[in-house]
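*Asks:* So I've got this file, upload_19.json, and it contains JSON, N, CA and C atoms:
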[["chain", "number", "residue", "atom", "x", "y", "z"],
["E", 915, "MET", "N", 98.49, 83.27, 78.40],
["E", 915, "MET", "CA", 97.93, 84.61, 78.56],
["E", 915, "MET", "C", 98.96, 85.61, 78.05],
["E", 916, "THR", "N", 98.48, 86.61, 77.36],
["E", 916, "THR", "CA", 99.31, 87.67, 76.83],
["E", 916, "THR", "C", 98.87, 88.99, 77.44],
["E", 917, "THR", "N", 99.84, 89.79, 77.82],
["E", 917, "THR", "CA", 99.54, 91.11, 78.37],
["E", 917, "THR", "C", 99.80, 92.15, 77.29],
["E", 918, "VAL", "N", 98.83, 93.03, 77.10],
["E", 918, "VAL", "CA", 98.94, 94.09, 76.11],
["E", 918, "VAL", "C", 98.70, 95.41, 76.83],
["E", 919, "HIS", "N", 99.56, 96.38, 76.60],
["E", 919, "HIS", "CA", 99.37, 97.71, 77.17],
["E", 919, "HIS", "C", 98.87, 98.63, 76.07],
["E", 920, "ILE", "N", 97.75, 99.30, 76.33],
["E", 920, "ILE", "CA", 97.17, 100.23, 75.37],
["E", 920, "ILE", "C", 97.17, 101.62, 75.98],
["E", 921, "GLU", "N", 97.80, 102.55, 75.30],
["E", 921, "GLU", "CA", 97.82, 103.94, 75.75],
["E", 921, "GLU", "C", 96.44, 104.53, 75.49],
["E", 922, "ASP", "N", 95.67, 104.72, 76.57],
["E", 922, "ASP", "CA", 94.29, 105.17, 76.39],
["E", 922, "ASP", "C", 94.13, 106.69, 76.44],
["E", 923, "SER", "N", 95.22, 107.40, 76.30],
["E", 923, "SER", "CA", 95.12, 108.86, 76.30],
["E", 923, "SER", "C", 95.05, 109.41, 74.88],
["E", 924, "THR", "N", 95.08, 108.52, 73.89],
["E", 924, "THR", "CA", 94.96, 108.96, 72.50],
["E", 924, "THR", "C", 93.63, 108.47, 71.93],
["E", 925, "PRO", "N", 93.09, 109.13, 70.91],
["E", 925, "PRO", "CA", 91.85, 108.67, 70.30],
["E", 925, "PRO", "C", 91.95, 107.24, 69.77],
["E", 926, "GLU", "N", 93.08, 106.91, 69.17],
["E", 926, "GLU", "CA", 93.27, 105.56, 68.63],
["E", 926, "GLU", "C", 93.28, 104.52, 69.74],
["E", 927, "GLY", "N", 93.95, 104.84, 70.84],
["E", 927, "GLY", "CA", 94.01, 103.92, 71.98],
["E", 927, "GLY", "C", 92.64, 103.71, 72.60],
["E", 928, "ARG", "N", 91.89, 104.77, 72.76],
["E", 928, "ARG", "CA", 90.53, 104.64, 73.32],
["E", 928, "ARG", "C", 89.63, 103.83, 72.39],
["E", 929, "PHE", "N", 89.78, 104.04, 71.07],
["E", 929, "PHE", "CA", 89.01, 103.28, 70.09],
["E", 929, "PHE", "C", 89.32, 101.79, 70.21],
["E", 930, "LEU", "N", 90.59, 101.45, 70.26],
["E", 930, "LEU", "CA", 91.01, 100.06, 70.38],
["E", 930, "LEU", "C", 90.50, 99.45, 71.68],
["E", 931, "LEU", "N", 90.62, 100.18, 72.77],
["E", 931, "LEU", "CA", 90.15, 99.70, 74.06],
["E", 931, "LEU", "C", 88.64, 99.46, 74.03],
["E", 932, "ASP", "N", 87.89, 100.35, 73.41],
["E", 932, "ASP", "CA", 86.44, 100.18, 73.29],
["E", 932, "ASP", "C", 86.08, 98.95, 72.47],
["E", 933, "LEU", "N", 86.90, 98.62, 71.47],
["E", 933, "LEU", "CA", 86.64, 97.45, 70.64],
["E", 933, "LEU", "C", 86.74, 96.15, 71.44],
["E", 934, "ILE", "N", 87.71, 96.07, 72.33],
["E", 934, "ILE", "CA", 87.97, 94.80, 73.03],
["E", 934, "ILE", "C", 87.38, 94.74, 74.43],
["E", 935, "ARG", "N", 86.94, 95.86, 74.96],
["E", 935, "ARG", "CA", 86.51, 95.96, 76.36],
["E", 935, "ARG", "C", 85.51, 94.89, 76.78],
["E", 936, "ASN", "N", 84.51, 94.60, 75.97],
["E", 936, "ASN", "CA", 83.43, 93.70, 76.36],
["E", 936, "ASN", "C", 83.60, 92.27, 75.88],
["E", 937, "HIS", "N", 84.76, 91.96, 75.35],
["E", 937, "HIS", "CA", 85.00, 90.59, 74.90],
["E", 937, "HIS", "C", 85.16, 89.68, 76.12],
["E", 938, "LYS", "N", 84.60, 88.46, 76.06],
["E", 938, "LYS", "CA", 84.60, 87.59, 77.24],
["E", 938, "LYS", "C", 85.99, 87.12, 77.66],
["E", 939, "SER", "N", 86.96, 87.16, 76.77],
["E", 939, "SER", "CA", 88.30, 86.70, 77.14],
["E", 939, "SER", "C", 89.24, 87.85, 77.51],
["E", 940, "VAL", "N", 88.71, 89.05, 77.64],
["E", 940, "VAL", "CA", 89.53, 90.22, 77.95],
["E", 940, "VAL", "C", 89.27, 90.68, 79.38],
["E", 941, "THR", "N", 90.35, 90.89, 80.11],
["E", 941, "THR", "CA", 90.27, 91.47, 81.44],
["E", 941, "THR", "C", 91.05, 92.77, 81.41],
["E", 942, "ILE", "N", 90.41, 93.84, 81.83],
["E", 942, "ILE", "CA", 91.06, 95.14, 81.83],
["E", 942, "ILE", "C", 91.33, 95.53, 83.28],
["E", 943, "GLU", "N", 92.61, 95.72, 83.57],
["E", 943, "GLU", "CA", 93.01, 96.13, 84.91],
["E", 943, "GLU", "C", 93.15, 97.65, 84.93],
["E", 944, "PRO", "N", 92.66, 98.28, 85.99],
["E", 944, "PRO", "CA", 92.79, 99.74, 86.06],
["E", 944, "PRO", "C", 94.26, 100.16, 86.15],
["E", 945, "LYS", "N", 94.53, 101.32, 85.60],
["E", 945, "LYS", "CA", 95.88, 101.85, 85.64],
["E", 945, "LYS", "C", 96.24, 102.24, 87.07],
["E", 946, "GLU", "N", 97.43, 101.87, 87.48],
["E", 946, "GLU", "CA", 97.88, 102.21, 88.83],
["E", 946, "GLU", "C", 98.06, 103.72, 88.93],
["E", 947, "SER", "N", 97.63, 104.26, 90.03],
["E", 947, "SER", "CA", 97.74, 105.69, 90.23],
["E", 947, "SER", "C", 99.21, 106.12, 90.29],
["E", 948, "GLU", "N", 99.55, 107.13, 89.52],
["E", 948, "GLU", "CA", 100.92, 107.64, 89.54],
["E", 948, "GLU", "C", 101.24, 108.23, 90.91],
["E", 949, "ALA", "N", 100.24, 108.83, 91.54],
["E", 949, "ALA", "CA", 100.46, 109.43, 92.86],
["E", 949, "ALA", "C", 100.83, 108.35, 93.87],
["E", 950, "TRP", "N", 100.13, 107.21, 93.83],
["E", 950, "TRP", "CA", 100.45, 106.14, 94.78],
["E", 950, "TRP", "C", 101.83, 105.58, 94.50],
["E", 951, "ALA", "N", 102.20, 105.40, 93.24],
["E", 951, "ALA", "CA", 103.52, 104.89, 92.90],
["E", 951, "ALA", "C", 104.61, 105.83, 93.43],
["E", 952, "LYS", "N", 104.39, 107.13, 93.30],
["E", 952, "LYS", "CA", 105.36, 108.10, 93.82],
["E", 952, "LYS", "C", 105.42, 108.04, 95.35],
["E", 953, "ALA", "N", 104.26, 107.89, 95.99],
["E", 953, "ALA", "CA", 104.22, 107.83, 97.45],
["E", 953, "ALA", "C", 104.94, 106.59, 97.96],
["E", 954, "VAL", "N", 104.74, 105.45, 97.31],
["E", 954, "VAL", "CA", 105.41, 104.22, 97.72],
["E", 954, "VAL", "C", 106.92, 104.38, 97.54],
["E", 955, "ALA", "N", 107.33, 104.98, 96.45],
["E", 955, "ALA", "CA", 108.75, 105.21, 96.21],
["E", 955, "ALA", "C", 109.36, 106.11, 97.28],
["E", 956, "ALA", "N", 108.54, 106.99, 97.84],
["E", 956, "ALA", "CA", 109.03, 107.90, 98.88],
["E", 956, "ALA", "C", 108.91, 107.29, 100.28],
["E", 957, "GLY", "N", 108.41, 106.04, 100.37],
["E", 957, "GLY", "CA", 108.35, 105.38, 101.66],
["E", 957, "GLY", "C", 106.97, 105.25, 102.28],
["E", 958, "ALA", "N", 105.93, 105.56, 101.54],
["E", 958, "ALA", "CA", 104.57, 105.42, 102.07],
["E", 958, "ALA", "C", 104.24, 103.95, 102.30],
["E", 959, "VAL", "N", 103.39, 103.69, 103.27],
["E", 959, "VAL", "CA", 102.95, 102.32, 103.56],
["E", 959, "VAL", "C", 101.42, 102.29, 103.59],
["E", 960, "PRO", "N", 100.83, 101.13, 103.31],
["E", 960, "PRO", "CA", 99.38, 101.02, 103.41],
["E", 960, "PRO", "C", 98.90, 101.33, 104.83],
["E", 961, "LEU", "N", 97.66, 101.78, 104.95],
["E", 961, "LEU", "CA", 97.11, 102.18, 106.24],
["E", 961, "LEU", "C", 97.16, 101.05, 107.26],
["E", 962, "ASP", "N", 96.86, 99.82, 106.86],
["E", 962, "ASP", "CA", 96.91, 98.69, 107.80],
["E", 962, "ASP", "C", 98.30, 98.50, 108.38],
["E", 963, "ASP", "N", 99.33, 98.63, 107.54],
["E", 963, "ASP", "CA", 100.71, 98.51, 108.02],
["E", 963, "ASP", "C", 101.04, 99.64, 108.99],
["E", 964, "PHE", "N", 100.65, 100.86, 108.63],
["E", 964, "PHE", "CA", 100.89, 101.99, 109.51],
["E", 964, "PHE", "C", 100.24, 101.79, 110.87],
["E", 965, "ASN", "N", 98.96, 101.37, 110.86],
["E", 965, "ASN", "CA", 98.24, 101.17, 112.12],
["E", 965, "ASN", "C", 98.90, 100.09, 112.98],
["E", 966, "ALA", "N", 99.34, 99.02, 112.36],
["E", 966, "ALA", "CA", 100.01, 97.95, 113.10],
["E", 966, "ALA", "C", 101.30, 98.46, 113.74],
["E", 967, "ARG", "N", 102.08, 99.21, 113.00],
["E", 967, "ARG", "CA", 103.32, 99.77, 113.55],
["E", 967, "ARG", "C", 103.03, 100.77, 114.67],
["E", 968, "PHE", "N", 102.03, 101.60, 114.45],
["E", 968, "PHE", "CA", 101.65, 102.61, 115.43],
["E", 968, "PHE", "C", 101.22, 101.96, 116.74],
["E", 969, "GLU", "N", 100.34, 100.95, 116.67],
["E", 969, "GLU", "CA", 99.88, 100.25, 117.87],
["E", 969, "GLU", "C", 101.04, 99.56, 118.58],
["E", 970, "HIS", "N", 101.95, 98.98, 117.81],
["E", 970, "HIS", "CA", 103.12, 98.34, 118.40],
["E", 970, "HIS", "C", 103.97, 99.37, 119.17],
["E", 971, "GLU", "N", 104.20, 100.51, 118.56],
["E", 971, "GLU", "CA", 104.99, 101.55, 119.21],
["E", 971, "GLU", "C", 104.30, 102.06, 120.48],
["E", 972, "ILE", "N", 103.00, 102.22, 120.46],
["E", 972, "ILE", "CA", 102.26, 102.67, 121.63],
["E", 972, "ILE", "C", 102.39, 101.65, 122.75],
["E", 973, "ARG", "N", 102.22, 100.37, 122.41],
["E", 973, "ARG", "CA", 102.33, 99.31, 123.43],
["E", 973, "ARG", "C", 103.73, 99.27, 124.01],
["E", 974, "GLU", "N", 104.73, 99.38, 123.17],
["E", 974, "GLU", "CA", 106.11, 99.36, 123.66],
["E", 974, "GLU", "C", 106.41, 100.56, 124.55],
["E", 975, "THR", "N", 105.92, 101.72, 124.14],
["E", 975, "THR", "CA", 106.19, 102.93, 124.91],
["E", 975, "THR", "C", 105.53, 102.88, 126.28],
["E", 976, "TYR", "N", 104.31, 102.39, 126.34],
["E", 976, "TYR", "CA", 103.58, 102.38, 127.60],
["E", 976, "TYR", "C", 103.51, 100.99, 128.24],
["E", 977, "LYS", "N", 104.19, 100.01, 127.63],
["E", 977, "LYS", "CA", 104.26, 98.63, 128.13],
["E", 977, "LYS", "C", 102.90, 98.09, 128.52],
["E", 978, "GLN", "N", 101.98, 98.15, 127.60],
["E", 978, "GLN", "CA", 100.63, 97.62, 127.85],
["E", 978, "GLN", "C", 100.46, 96.28, 127.21]]
Show this structure as structure tokens.

*Replies:*
Amino acid sequence: MTTVHIEDSTPEGRFLLDLIRNHKSVTIEPKESEAWAKAVAAGAVPLDDFNARFEHEIRETYKQ
């Protein structure tokens, strides 16, 4: 398997992406959100992790 990155913000990149998009051997992964990448770098955690930590802290605080 080969990974190819295509800059889809240019007309040429969009044209190339449109050419290969529907080919049966091509898988296109969505671009990761820049906002999420910045949030993770600043210490953000997924909601499930946050909820688990929050519930743990509540139980510890009130010993339930």

*Asks:* Can you work out the spacing between CA of Arg935 (chain E) and atom N of Met915 (chain E) in Å, to one decimal?

*Replies:* 17.6 Å

*Asks:* When distances are computed from only C-alpha atoms, which of E:Ile934, E:Glu948, E:Tyr976, E:Val940 shows the smallest separation from Thr917 (chain E)?

*Replies:*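 Ranking E:Ile934, E:Glu948, E:Tyr976, E:Val940 by distance to Thr917 (chain E), first place goes to E:Val940.
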
*Asks:* Take CA of Val918 (chain E) and CA of Asp932 (chain E) and report the distance between them in Å, one decimal.

*Replies:*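 Separation between CA of Val918 (chain E) and CA of Asp932 (chain E): 14.2 Å.
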
*Asks:* Quick one: pull the distance between atom N of Glu921 (chain E) and atom C of Pro944 (chain E), Å, one decimal.

*Replies:*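 The value is 11.7 Å.
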
*Asks:* Mind checking DSSP for chain E and telling me the alpha helix (DSSP H) residues as a PyMOL selection string?

*Replies:* chain E and resi 925-934+948-955+961-976
